[in-house]
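Novice: Have a look at the structure that comes next, please.
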Amino acid sequence: MVLQGMVVTGYRQSIDENLQDKRNTNEIVEVVNAQNIAQFPAQNIADALQFVPGVVISRSDGEGKNISIRGLAPELTLTELNGNYVASADTSSGLDRSFNYQLLPANMFSSVKLYKSQMASLDEGGIGGVVEAHTRKPLDMKPNDGFLTVNETGADNNGKINPQVSGLYSWHNSDSTFGVLVGGAYNKRQETEYTSNASNWYWWANNYNTQPPVSVGGNQFGNYVEPNIPEWGNVPPGGIVDQGGRAYSGYWMPQQFSTSQTQLNLKNKAAQLTLQFKPSDHFQMTANYFRFQLDRTQITNTLEIPEWNLPTDTYANQQGNLLAPNGLTFDPSGTVVTGANYQLPAAGTGCNSLTNPVTGAQRQPVDVCSTQTPWLNGNYSVEKATSQTANIEGEWNTGGILSGTFNLGRTWATGGPSVEFGVAAKPRNFVNGQWVDGSEYSQWTLMGREGTPGISASTDTLQNMLDGEGQVDLGSTGSGFVNTATSQNVAQADFTLDLDKGWLSSVQFGAKYRYNTAYQQSGQLRWYCPGTTQQFQSCDPNAGDLQSSLLLPYELTTNTLAYHDNIFPGINFPAYYNYLNQTYDPVKYMDPDNQARVRESIGAAYVQVNFDTDTLHGNFGLRYVDTLQDVTTADQVTTYFADYYHGTDGSILICPASGVNSAGGPCAPGDFEYLPQQCSTYADGQAGKCSYYEAYTLNTQRRRYRNFLPSFNLVWNFVGDFDLRVAANRAMARANYGDLAQLGSLNNYLPTYYADRSQFGSPLPGWYGSGADNNLQPFLATQYDAAVEWYYAPESVLGFDVFYKTVKNFVVPVQVNNFTVDVNGTPTPFAQYSTNANGQAGVSKGIELYTQHTWSSGFGVIANYTLNKTNSTAVSIGDTRIGSASLIGSAKYAGNLSLFYQKNGLLLRASSNWTGRVMDGLAAGLPEYTSPYNEIDLNGQYNINKHLMVTASVLNLTRSTTRSYLGSDTTDRLNTLEYDGRQYYVGLTYNFGGND
């Protein structure tokens with residue numbers, strides 16, 4: 001029984017149809033049809049494709065977001081809607097060519113094809129592969145056909161149950177000359193994510209020449225890697241010495257460790273309108289409009305312990321600061337710090353004394369040590385991403401040898417926050433010229449209870465902060481975001497000559513023109529003191545007061561699969577946001593100078609020959625692509641002069657009882673005298689009138705490149721049920737928008753600023769920053785495939801595929817030390833700089849094994865395994881080699897095993913999904929990896945009758961976590977550990993029309 005709206009056939013029939021589609025194609029293709037999606041609810045297309053051989057999905061907010069194919073980065077997967085590019089945007093990140101699959105609800109589509117080999121008629125841009133999502137058309141369906149699906153969803157880390165609704169209705173007249181299809185979806189979810197993070201790993205040593213960075217095995221990293229390993233520059237003479245006098249030197253340690261919980265409110269909306277007109281048997285027109293929208297509200301609370309409590313001066317001057325005796329713990333090699341314990345000495349002792357107990361010198365009150373941790377911070381954002389596509393396509397076929405199609409369309413997307421700001425608070429306050437501490441100790445560990453990382457601190461920290469022993473950290477409170485827009489205009493014509501002469505079945509040829517734009521602009525929310533244009537951090541002397549209403553009156557979750565904390569105070573972000581709006585004048589400021597733009601004019605033409613004999617079929621062809629690319633990016637150049645007003649002796653001034661600082665402005669009595677933040681001119685900063693000065697410089701780059709892309713695909717039915725597939729092609733993809741047009745941030749920290757902020761984590765004096773690499777070259781790949789498939793029984797196959805890809809100019813995110821950057825035309829030495837670099841020639845090679853089998857008993861199995869090996873190749877910026885890396889996004893292996901049972905209207909499935917170690921990039925000079933991952937999902941479906949179907953799913957039954965780490969010598973350098981939850985779905989689908 002077949003219904004065109006949401007097909008109610010058996011699962012076995014649907015997977016057999018997938019198998020037949022795969023076998024009949026000339027290329028290496030995987031197919032997922034609407035039946036698979038309907039029976040096993042997937043949030044989006046990425047979730048539906050995760051069981052396909054060679055596919056690795058990256059998750060965000062508990063669902064698939066991006067797709068990597070055969071070890072290549074997500075931006076090398078081209079996603080198309082009905083054969084054409086679909087613009088994408090993220091709700092909070094910058095520009096990206098990779099498609100955000102969170103925008104595409106799965107059940108709006110009739111089928112999804114994944115091309116692993118190229119052909120001339122296929123658009124370029126998918127070196128990894130091309131995903132084609134196809135929607136339904138009214139003239140292909142029966143009149144008054146459609147479906148309505150209602151789901152309820154929940155998760156183990158969130159007690160809320162949320163609705164999800166989707167539906168489709170299709171109609172056409174009795175002559176089948178005009179049809180209308182409308183569809184839509186609305187999904188609402190609430191998620192809570194838990195994360196622990198150890199970030200910014202450094203090598204700490206007293207003397208880096210005599211004690212260079214080493215691995216856990218004691219080996220140095222080599223001439224190309226070692227210069228780019230960040231070395232902590234604020235190690236005092238004699239090294240890091242704790243309160244007990246123990247000295248530490250020669251080890252890896254993160255600059256900060258944190259635990260976070262993120263509360264998400266997600267809404268997906270989707271709409272489709274398709275009109276078809278067929279005035280004759282020879283001509284048909286289709287008009288489509290699609291709109292996809294993701295609304296995302298996020299509140300993240302973070303508990304963090306930076307390195308601020310470590311000594312920054314000799315033991316004689318600081319007595320170990322807050323580092324407790326034996327305060328650092330290590331891995332078995334003694335080279336990786338796995339925990340730190342900080343303890344505030346009793347009043348009048350050690351560093352917590354106005355008189356230095358060792359030298360007898362008097363300290364300024366501000367120099368008396370105080371506990372700044374655990375540091376509360378986080379952010380609140382309201383975000384939206386929207387993608388829209390409109391096109392008109394025509395098909396004509398007069399019955400002769402020549403037929404053709406044309407397509408005119410536009411796709412456009414926007415994304416970014418409308419509200420975004422971050423707040424930070426410390427458990428201390430400076431009152432009447434002295435520190436008041438709200439916490440006596442804090443410590444972090446990577447090896448805590450049950451092997452889980454965590455933070456411990458004084459159990460009365462929250463209550464003390466509610467009672468006034470806390471302050472808003474104004475230096476880390478503010479707003480900053482990026483809004484993006486992308487678009488493509490397209491005009492295309494394709495023709496087919498149906499020759500049917502011997503082995504030559506047809507010749508296809510066509511041309512396509514695309515005009516792409518990608519734009520991003522930074523902005524921020526500002527709150528001005530009433531009647532002024534000064535931001536509240538500078539003009540309100542009481543802005544640093546931490547009112548009790550701005551804190552949550554309860555502890556957040558302390559025990560999760562990502563961390564075990566003993567406390568978790570949090571910031572009440574909605575209350576703080578309302579307070580700012582009611583107290584000050586809110587302004588949304590979009591910086592006209594801080595923006596980037598990419599424009600691309602792309603012309604393409606192709607010819608493809610299709611052939612078919614009794615035992616052979618396939619195609620060969622050539623695609624020519626001409627790309628004209630213009631890139632404009634901005635660098636924000638910031639000079640930091642100082643943070644406070646100083647006396648003639650250089651000491652930091654304390655605000656007097658009058659509440660008027662030395663410049664005649666307002667200040668909080670007993671607190672520091674803060675400088676106004678942003679300078680109007682550079683000279684004002686030099687004169688000590690303000691804290692920092694911002695300027696901008698623009699960089700432009702124009703390039704043109706032409707590429708010839710040959711392709712060949714062959715299928716040989718060499719004996720009985722055995723097929724041999726061979727494919728060879730050359731492919732290209734343009735560099736990612738975000739890599740070409742990254743907004744630059746170039747920061748110069750002067751010695752006077754460092755003197756003010758060194759105890760709060762300021763970098764050493766010098767230049768630091770990040771920016772785009774406008775000279776990134778397009779990716780070029782040569783690809784080969786050979787596969788043998790044995791269709792030994794109905795609904796069954798056993799296959800083996802060998803693939804080999806050589807990828808030139810792949811892009812690696814890097815962080816380098818002692819690097820020269822052009823600043824306003826002047827070559828300037830940077831202590832540390834982050835950018836993107838080209839890898840020379842990476843190789844991804846491997847095998848795919850896949851099988852499918854069903855038994856008459858109703859049981860069946862689908863399994864696949866991909867083994868992928870990538871080489872490590874040189875990574876360079878310009879002519880400077882900075883290290884080596886494997887292909888970004890490459891997974892060592894990926895596998896799926898699905899066992900199912902179908903009989904008498906009941907369908908049950910258990911699936912296990914494995915992903916091996918994934919290469920994420922370079923950080924601190926070392927490769928960054930995501931650990932192997934395994935997840936088990938359960939699905940069920942029961943057909944109550946021919947119209948009504950009930951479904952249920954449990955995703956991530958195993959409650960698996962995602963973990964990333966730094967370096968190939970150990971897994972102890974934790975980067976992140978994240979748990980997104982176990983998810984539950986229960987749904988009801990009603991199919992109507994069609995066969996009534």
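So you can find residues: chains in the structure tokens are A, B, ... in the order shown, residues in each start at 1, and ligands are numbered from 1 in order.
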Which polymer residues have any atom within 12 Å of an atom of Leu780 of chain A, counting only C-alpha atoms, with same-chain residues fewer than 2 positions away left out, as an mmCIF file with C-alpha atoms, in the first residue's frame?
Specialist:
data_model
loop_
_atom_site.group_PDB
_atom_site.id
_atom_site.type_symbol
_atom_site.label_atom_id
_atom_site.label_comp_id
_atom_site.auth_asym_id
_atom_site.auth_seq_id
_atom_site.Cartn_x
_atom_site.Cartn_y
_atom_site.Cartn_z
ATOM 1 C CA LEU A 76 33.859 20.473 2.077
ATOM 2 C CA GLU A 124 31.566 21.749 -7.727
ATOM 3 C CA GLY A 125 32.293 22.487 -4.078
ATOM 4 C CA GLY A 126 31.812 19.069 -2.502
ATOM 5 C CA ILE A 127 35.248 17.517 -2.240
ATOM 6 C CA GLY A 128 33.988 15.390 0.616
ATOM 7 C CA TYR A 705 41.152 31.060 -10.717
ATOM 8 C CA ARG A 706 40.030 28.669 -13.401
ATOM 9 C CA ASN A 707 39.666 24.934 -12.966
ATOM 10 C CA PHE A 708 39.079 22.017 -15.317
ATOM 11 C CA LEU A 709 37.424 19.125 -13.493
ATOM 12 C CA ASN A 729 37.608 12.655 -10.732
ATOM 13 C CA ARG A 730 39.147 15.969 -9.926
ATOM 14 C CA ALA A 731 37.228 18.245 -7.553
ATOM 15 C CA MET A 732 37.571 21.720 -6.131
ATOM 16 C CA ALA A 733 36.085 23.779 -3.324
ATOM 17 C CA ARG A 734 36.553 27.393 -2.388
ATOM 18 C CA ALA A 735 38.022 28.346 0.964
ATOM 19 C CA GLN A 777 44.007 28.958 -1.907
ATOM 20 C CA PRO A 778 41.009 26.905 -3.089
ATOM 21 C CA THR A 782 42.107 14.122 -6.974
ATOM 22 C CA GLN A 783 39.819 11.242 -6.020
ATOM 23 C CA LYS A 805 41.858 11.293 -2.057
ATOM 24 C CA THR A 806 44.709 13.766 -2.364
ATOM 25 C CA VAL A 807 43.665 17.197 -1.083
ATOM 26 C CA LYS A 808 45.824 20.234 -1.710
ATOM 27 C CA ASN A 809 45.525 23.509 0.210
ATOM 28 C CA PHE A 810 43.351 22.151 3.018
ATOM 29 C CA VAL A 811 42.856 24.730 5.776
ATOM 30 C CA ASN A 838 47.074 26.002 4.140
ATOM 31 C CA GLY A 839 48.228 22.419 4.464
ATOM 32 C CA GLN A 840 50.295 21.368 1.484
ATOM 33 C CA ALA A 841 48.832 18.039 0.327
ATOM 34 C CA GLY A 842 46.840 15.802 2.609
ATOM 35 C CA VAL A 843 45.844 12.256 1.760
#
Novice: Step one, run DSSP on the backbone; step two, keep only residues of segment 217-445 of chain A assigned to helix (DSSP H, G or I); then write them as a list in words.
Specialist: Glu226, Pro227, Asn228, Glu307, Trp308, Asn309, Tyr315, Ala316, Asn317, Gln318, Pro365, Val366 and Asp367 of chain A
Novice: Output all heavy atoms for every residue in the selection just made, as an mmCIF file, in the first residue's frame.
Specialist:
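So the final result, stored in result04.cif, reads:
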data_model
loop_
_atom_site.group_PDB
_atom_site.id
_atom_site.type_symbol
_atom_site.label_atom_id
_atom_site.label_comp_id
_atom_site.auth_asym_id
_atom_site.auth_seq_id
_atom_site.Cartn_x
_atom_site.Cartn_y
_atom_site.Cartn_z
ATOM 1 N N GLU A 226 57.887 23.275 18.051
ATOM 2 C CA GLU A 226 58.277 23.884 19.319
ATOM 3 C C GLU A 226 58.139 25.405 19.357
ATOM 4 O O GLU A 226 57.651 25.950 20.360
ATOM 5 C CB GLU A 226 59.713 23.474 19.653
ATOM 6 C CG GLU A 226 60.133 23.821 21.071
ATOM 7 C CD GLU A 226 61.443 23.178 21.440
ATOM 8 O OE1 GLU A 226 61.534 21.938 21.370
ATOM 9 O OE2 GLU A 226 62.386 23.923 21.780
ATOM 10 N N PRO A 227 58.512 26.139 18.291
ATOM 11 C CA PRO A 227 58.360 27.607 18.366
ATOM 12 C C PRO A 227 56.918 28.070 18.508
ATOM 13 O O PRO A 227 56.674 29.213 18.898
ATOM 14 C CB PRO A 227 58.972 28.088 17.038
ATOM 15 C CG PRO A 227 59.875 26.988 16.608
ATOM 16 C CD PRO A 227 59.202 25.726 17.060
ATOM 17 N N ASN A 228 55.952 27.201 18.187
ATOM 18 C CA ASN A 228 54.551 27.601 18.244
ATOM 19 C C ASN A 228 53.828 27.074 19.479
ATOM 20 O O ASN A 228 52.624 27.241 19.611
ATOM 21 C CB ASN A 228 53.835 27.122 16.977
ATOM 22 C CG ASN A 228 54.402 27.766 15.736
ATOM 23 O OD1 ASN A 228 54.458 28.981 15.647
ATOM 24 N ND2 ASN A 228 54.864 26.957 14.795
ATOM 25 N N GLU A 307 44.208 31.239 36.212
ATOM 26 C CA GLU A 307 45.517 31.123 36.853
ATOM 27 C C GLU A 307 45.820 32.274 37.805
ATOM 28 O O GLU A 307 46.918 32.363 38.355
ATOM 29 C CB GLU A 307 46.606 31.060 35.765
ATOM 30 C CG GLU A 307 47.119 32.393 35.246
ATOM 31 C CD GLU A 307 46.106 33.250 34.500
ATOM 32 O OE1 GLU A 307 45.019 32.736 34.168
ATOM 33 O OE2 GLU A 307 46.405 34.421 34.240
ATOM 34 N N TRP A 308 44.839 33.140 38.076
ATOM 35 C CA TRP A 308 45.087 34.362 38.836
ATOM 36 C C TRP A 308 45.678 34.115 40.220
ATOM 37 O O TRP A 308 46.334 34.982 40.789
ATOM 38 C CB TRP A 308 43.783 35.153 38.999
ATOM 39 C CG TRP A 308 43.126 35.530 37.711
ATOM 40 C CD1 TRP A 308 43.723 35.695 36.502
ATOM 41 C CD2 TRP A 308 41.740 35.789 37.512
ATOM 42 N NE1 TRP A 308 42.796 36.046 35.547
ATOM 43 C CE2 TRP A 308 41.569 36.106 36.148
ATOM 44 C CE3 TRP A 308 40.624 35.773 38.345
ATOM 45 C CZ2 TRP A 308 40.323 36.420 35.606
ATOM 46 C CZ3 TRP A 308 39.383 36.081 37.807
ATOM 47 C CH2 TRP A 308 39.239 36.408 36.449
ATOM 48 N N ASN A 309 45.412 32.956 40.806
ATOM 49 C CA ASN A 309 45.860 32.697 42.172
ATOM 50 C C ASN A 309 47.314 32.242 42.253
ATOM 51 O O ASN A 309 47.851 32.080 43.356
ATOM 52 C CB ASN A 309 44.975 31.632 42.824
ATOM 53 C CG ASN A 309 43.520 32.093 42.950
ATOM 54 O OD1 ASN A 309 43.246 33.234 43.283
ATOM 55 N ND2 ASN A 309 42.592 31.195 42.662
ATOM 56 N N TYR A 315 58.984 34.200 45.854
ATOM 57 C CA TYR A 315 58.419 33.737 47.122
ATOM 58 C C TYR A 315 58.611 34.785 48.213
ATOM 59 O O TYR A 315 57.724 34.985 49.065
ATOM 60 C CB TYR A 315 59.080 32.422 47.544
ATOM 61 C CG TYR A 315 58.503 31.862 48.822
ATOM 62 C CD1 TYR A 315 57.322 31.128 48.797
ATOM 63 C CD2 TYR A 315 59.119 32.094 50.050
ATOM 64 C CE1 TYR A 315 56.775 30.615 49.957
ATOM 65 C CE2 TYR A 315 58.575 31.591 51.228
ATOM 66 C CZ TYR A 315 57.399 30.853 51.171
ATOM 67 O OH TYR A 315 56.853 30.366 52.337
ATOM 68 N N ALA A 316 59.726 35.498 48.176
ATOM 69 C CA ALA A 316 59.982 36.527 49.188
ATOM 70 C C ALA A 316 58.942 37.624 49.132
ATOM 71 O O ALA A 316 58.568 38.193 50.169
ATOM 72 C CB ALA A 316 61.380 37.107 49.003
ATOM 73 N N ASN A 317 58.432 37.923 47.940
ATOM 74 C CA ASN A 317 57.471 39.011 47.793
ATOM 75 C C ASN A 317 56.023 38.558 47.922
ATOM 76 O O ASN A 317 55.164 39.345 48.311
ATOM 77 C CB ASN A 317 57.666 39.709 46.454
ATOM 78 C CG ASN A 317 58.927 40.551 46.415
ATOM 79 O OD1 ASN A 317 59.403 41.027 47.452
ATOM 80 N ND2 ASN A 317 59.488 40.737 45.220
ATOM 81 N N GLN A 318 55.744 37.297 47.599
ATOM 82 C CA GLN A 318 54.333 36.866 47.581
ATOM 83 C C GLN A 318 54.043 35.633 48.431
ATOM 84 O O GLN A 318 52.874 35.288 48.616
ATOM 85 C CB GLN A 318 53.879 36.597 46.134
ATOM 86 C CG GLN A 318 53.645 37.850 45.315
ATOM 87 C CD GLN A 318 52.924 37.535 44.020
ATOM 88 O OE1 GLN A 318 53.042 36.447 43.462
ATOM 89 N NE2 GLN A 318 52.164 38.505 43.533
ATOM 90 N N PRO A 365 47.089 48.213 49.975
ATOM 91 C CA PRO A 365 45.937 47.330 50.217
ATOM 92 C C PRO A 365 45.541 46.515 49.005
ATOM 93 O O PRO A 365 45.125 45.359 49.144
ATOM 94 C CB PRO A 365 44.840 48.315 50.636
ATOM 95 C CG PRO A 365 45.579 49.469 51.215
ATOM 96 C CD PRO A 365 46.845 49.596 50.413
ATOM 97 N N VAL A 366 45.692 47.104 47.813
ATOM 98 C CA VAL A 366 45.300 46.379 46.611
ATOM 99 C C VAL A 366 46.217 45.193 46.347
ATOM 100 O O VAL A 366 45.838 44.237 45.677
ATOM 101 C CB VAL A 366 45.268 47.333 45.395
ATOM 102 C CG1 VAL A 366 46.666 47.811 45.027
ATOM 103 C CG2 VAL A 366 44.626 46.659 44.188
ATOM 104 N N ASP A 367 47.461 45.248 46.889
ATOM 105 C CA ASP A 367 48.416 44.166 46.647
ATOM 106 C C ASP A 367 48.309 43.039 47.659
ATOM 107 O O ASP A 367 48.989 42.015 47.526
ATOM 108 C CB ASP A 367 49.836 44.730 46.648
ATOM 109 C CG ASP A 367 50.095 45.630 45.440
ATOM 110 O OD1 ASP A 367 49.483 45.370 44.393
ATOM 111 O OD2 ASP A 367 50.883 46.585 45.553
#
Novice: For Gln50 of chain A, find every residue with an atom within 8 Å (counting only C-alpha atoms), except residues of its own chain fewer than 6 positions away, and show them as a list in words.
Specialist: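 Listed by chain and then number, they are Val56, Ile57 and Asn913 of chain A.
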Novice: Given only C-alpha atoms as the basis, pick out the residue of A:His617, A:Lys426, A:His564, A:Arg704 nearest to Gln629 of chain A.
Specialist: A:Arg704
Novice: Set the distance at 9 Å and use only C-alpha atoms: which residues neighbour Asn868 of chain A once local chain neighbours fewer than 3 positions away are removed? I'd like the list as a ChimeraX atom specification.
Specialist: /A:54,70-71,844-848,890-894
Novice: Got a sec to tell me which of segment 45-123 of chain A DSSP assigns to strand (DSSP E), as a VMD selection string?
Specialist: chain A and resid 55 to 60 63 to 69 77 to 81 84 to 85 111 to 115
Novice: Which residues are near segment 441-457 of chain A? Cut-off 7 Å, only C-alpha atoms, ignore same chain within fewer than 3 positions. Put them as JSON, numbers by chain.
Specialist: {"A": [196, 257, 338, 339, 340, 341, 342, 343, 344, 373, 374, 562, 563, 564, 565, 566, 567]}
Novice: Have a look at atom CA of Pro427 of chain A and atom CA of Tyr768 of chain A and let me know their distance in Å, one decimal.
Specialist: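 Pair atom CA of Pro427 of chain A / atom CA of Tyr768 of chain A returns 29.2 Å.
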Novice: Nearest residue to Thr355 of chain A out of A:Arg97, A:Asn157, A:Gln319, A:Asn209, using only C-alpha atoms?
Specialist: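 Under the stated criterion, the closest residue is A:Gln319.
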Novice: Can you tell me, as a PyMOL selection string, what residues are no more than 9 Å from Trp914 of chain A when counting only C-alpha atoms, ignoring any on the same chain fewer than 4 positions away?
Specialist: chain A and resi 865+893-897+932-936
Novice: So that I can see what lies close to segment 926-930 of chain A, please list as a PyMOL selection string the residues with an atom at most 12 Å from it, counting only C-alpha atoms and leaving out residues fewer than 6 positions away in the same chain.
Specialist: chain A and resi 58+199-203+213-215+221-222+224-230+812-816+872+875+882-892+915-920+961-978
Novice: Could you please determine the separation between atom CA of Asp156 of chain A and atom CA of Tyr984 of chain A in Å, to one decimal place?
Specialist: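 Between atom CA of Asp156 of chain A and atom CA of Tyr984 of chain A the gap is 8.3 Å.
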Novice: Here is a test: counting only C-alpha atoms, which residue of A:Ser476, A:Asn100, A:Asn429, A:Ile28 is nearest to Phe800 of chain A?
Specialist: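 Smallest distance to Phe800 of chain A is found for A:Ile28.
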Novice: Once you count only C-alpha atoms, what closest atom pair and distance in Å to one decimal does each residue of segment 369-454 of chain A within 6 Å of segment 482-499 of chain A have, with rows by chain and rising residue number, as a Markdown table?
Specialist:
| residue | atom | partner | partner_atom | distance |
| --- | --- | --- | --- | --- |
| A:Ile401 | CA | A:Asp498 | CA | 4.8 |
| A:Leu402 | CA | A:Leu497 | CA | 4.7 |
| A:Ser403 | CA | A:Thr496 | CA | 5.3 |
| A:Gly404 | CA | A:Phe495 | CA | 4.2 |
| A:Thr405 | CA | A:Asp494 | CA | 5.3 |
| A:Phe406 | CA | A:Ala493 | CA | 4.4 |
| A:Asn407 | CA | A:Gln492 | CA | 5.1 |
| A:Leu408 | CA | A:Ala491 | CA | 4.7 |
| A:Gly409 | CA | A:Val490 | CA | 5.3 |
| A:Arg410 | CA | A:Asn489 | CA | 4.5 |
| A:Thr411 | CA | A:Gln488 | CA | 5.4 |
| A:Trp412 | CA | A:Ser487 | CA | 4.0 |
| A:Ala413 | CA | A:Thr486 | CA | 5.3 |
| A:Thr414 | CA | A:Ala485 | CA | 4.3 |
| A:Gly415 | CA | A:Thr484 | CA | 5.2 |
| A:Gly416 | CA | A:Asn483 | CA | 4.4 |
Novice: Mind writing the picked residues with C-alpha atoms as a PDB file, in the first residue's frame?
Specialist:
ATOM      1  CA  ILE A 401      16.318  13.611 -29.099  1.00  0.00           C
ATOM      2  CA  LEU A 402      16.790  17.000 -27.401  1.00  0.00           C
ATOM      3  CA  SER A 403      15.278  17.953 -24.051  1.00  0.00           C
ATOM      4  CA  GLY A 404      16.182  20.641 -21.586  1.00  0.00           C
ATOM      5  CA  THR A 405      15.641  22.349 -18.269  1.00  0.00           C
ATOM      6  CA  PHE A 406      16.210  25.848 -16.981  1.00  0.00           C
ATOM      7  CA  ASN A 407      16.373  27.262 -13.491  1.00  0.00           C
ATOM      8  CA  LEU A 408      16.320  30.828 -12.175  1.00  0.00           C
ATOM      9  CA  GLY A 409      16.535  31.347  -8.450  1.00  0.00           C
ATOM     10  CA  ARG A 410      17.818  33.085  -5.409  1.00  0.00           C
ATOM     11  CA  THR A 411      18.731  31.763  -1.974  1.00  0.00           C
ATOM     12  CA  TRP A 412      19.570  33.981   0.970  1.00  0.00           C
ATOM     13  CA  ALA A 413      20.205  33.599   4.681  1.00  0.00           C
ATOM     14  CA  THR A 414      20.793  35.774   7.715  1.00  0.00           C
ATOM     15  CA  GLY A 415      21.963  34.896  11.192  1.00  0.00           C
ATOM     16  CA  GLY A 416      23.124  36.270  14.482  1.00  0.00           C
TER      17      GLY A 416
END
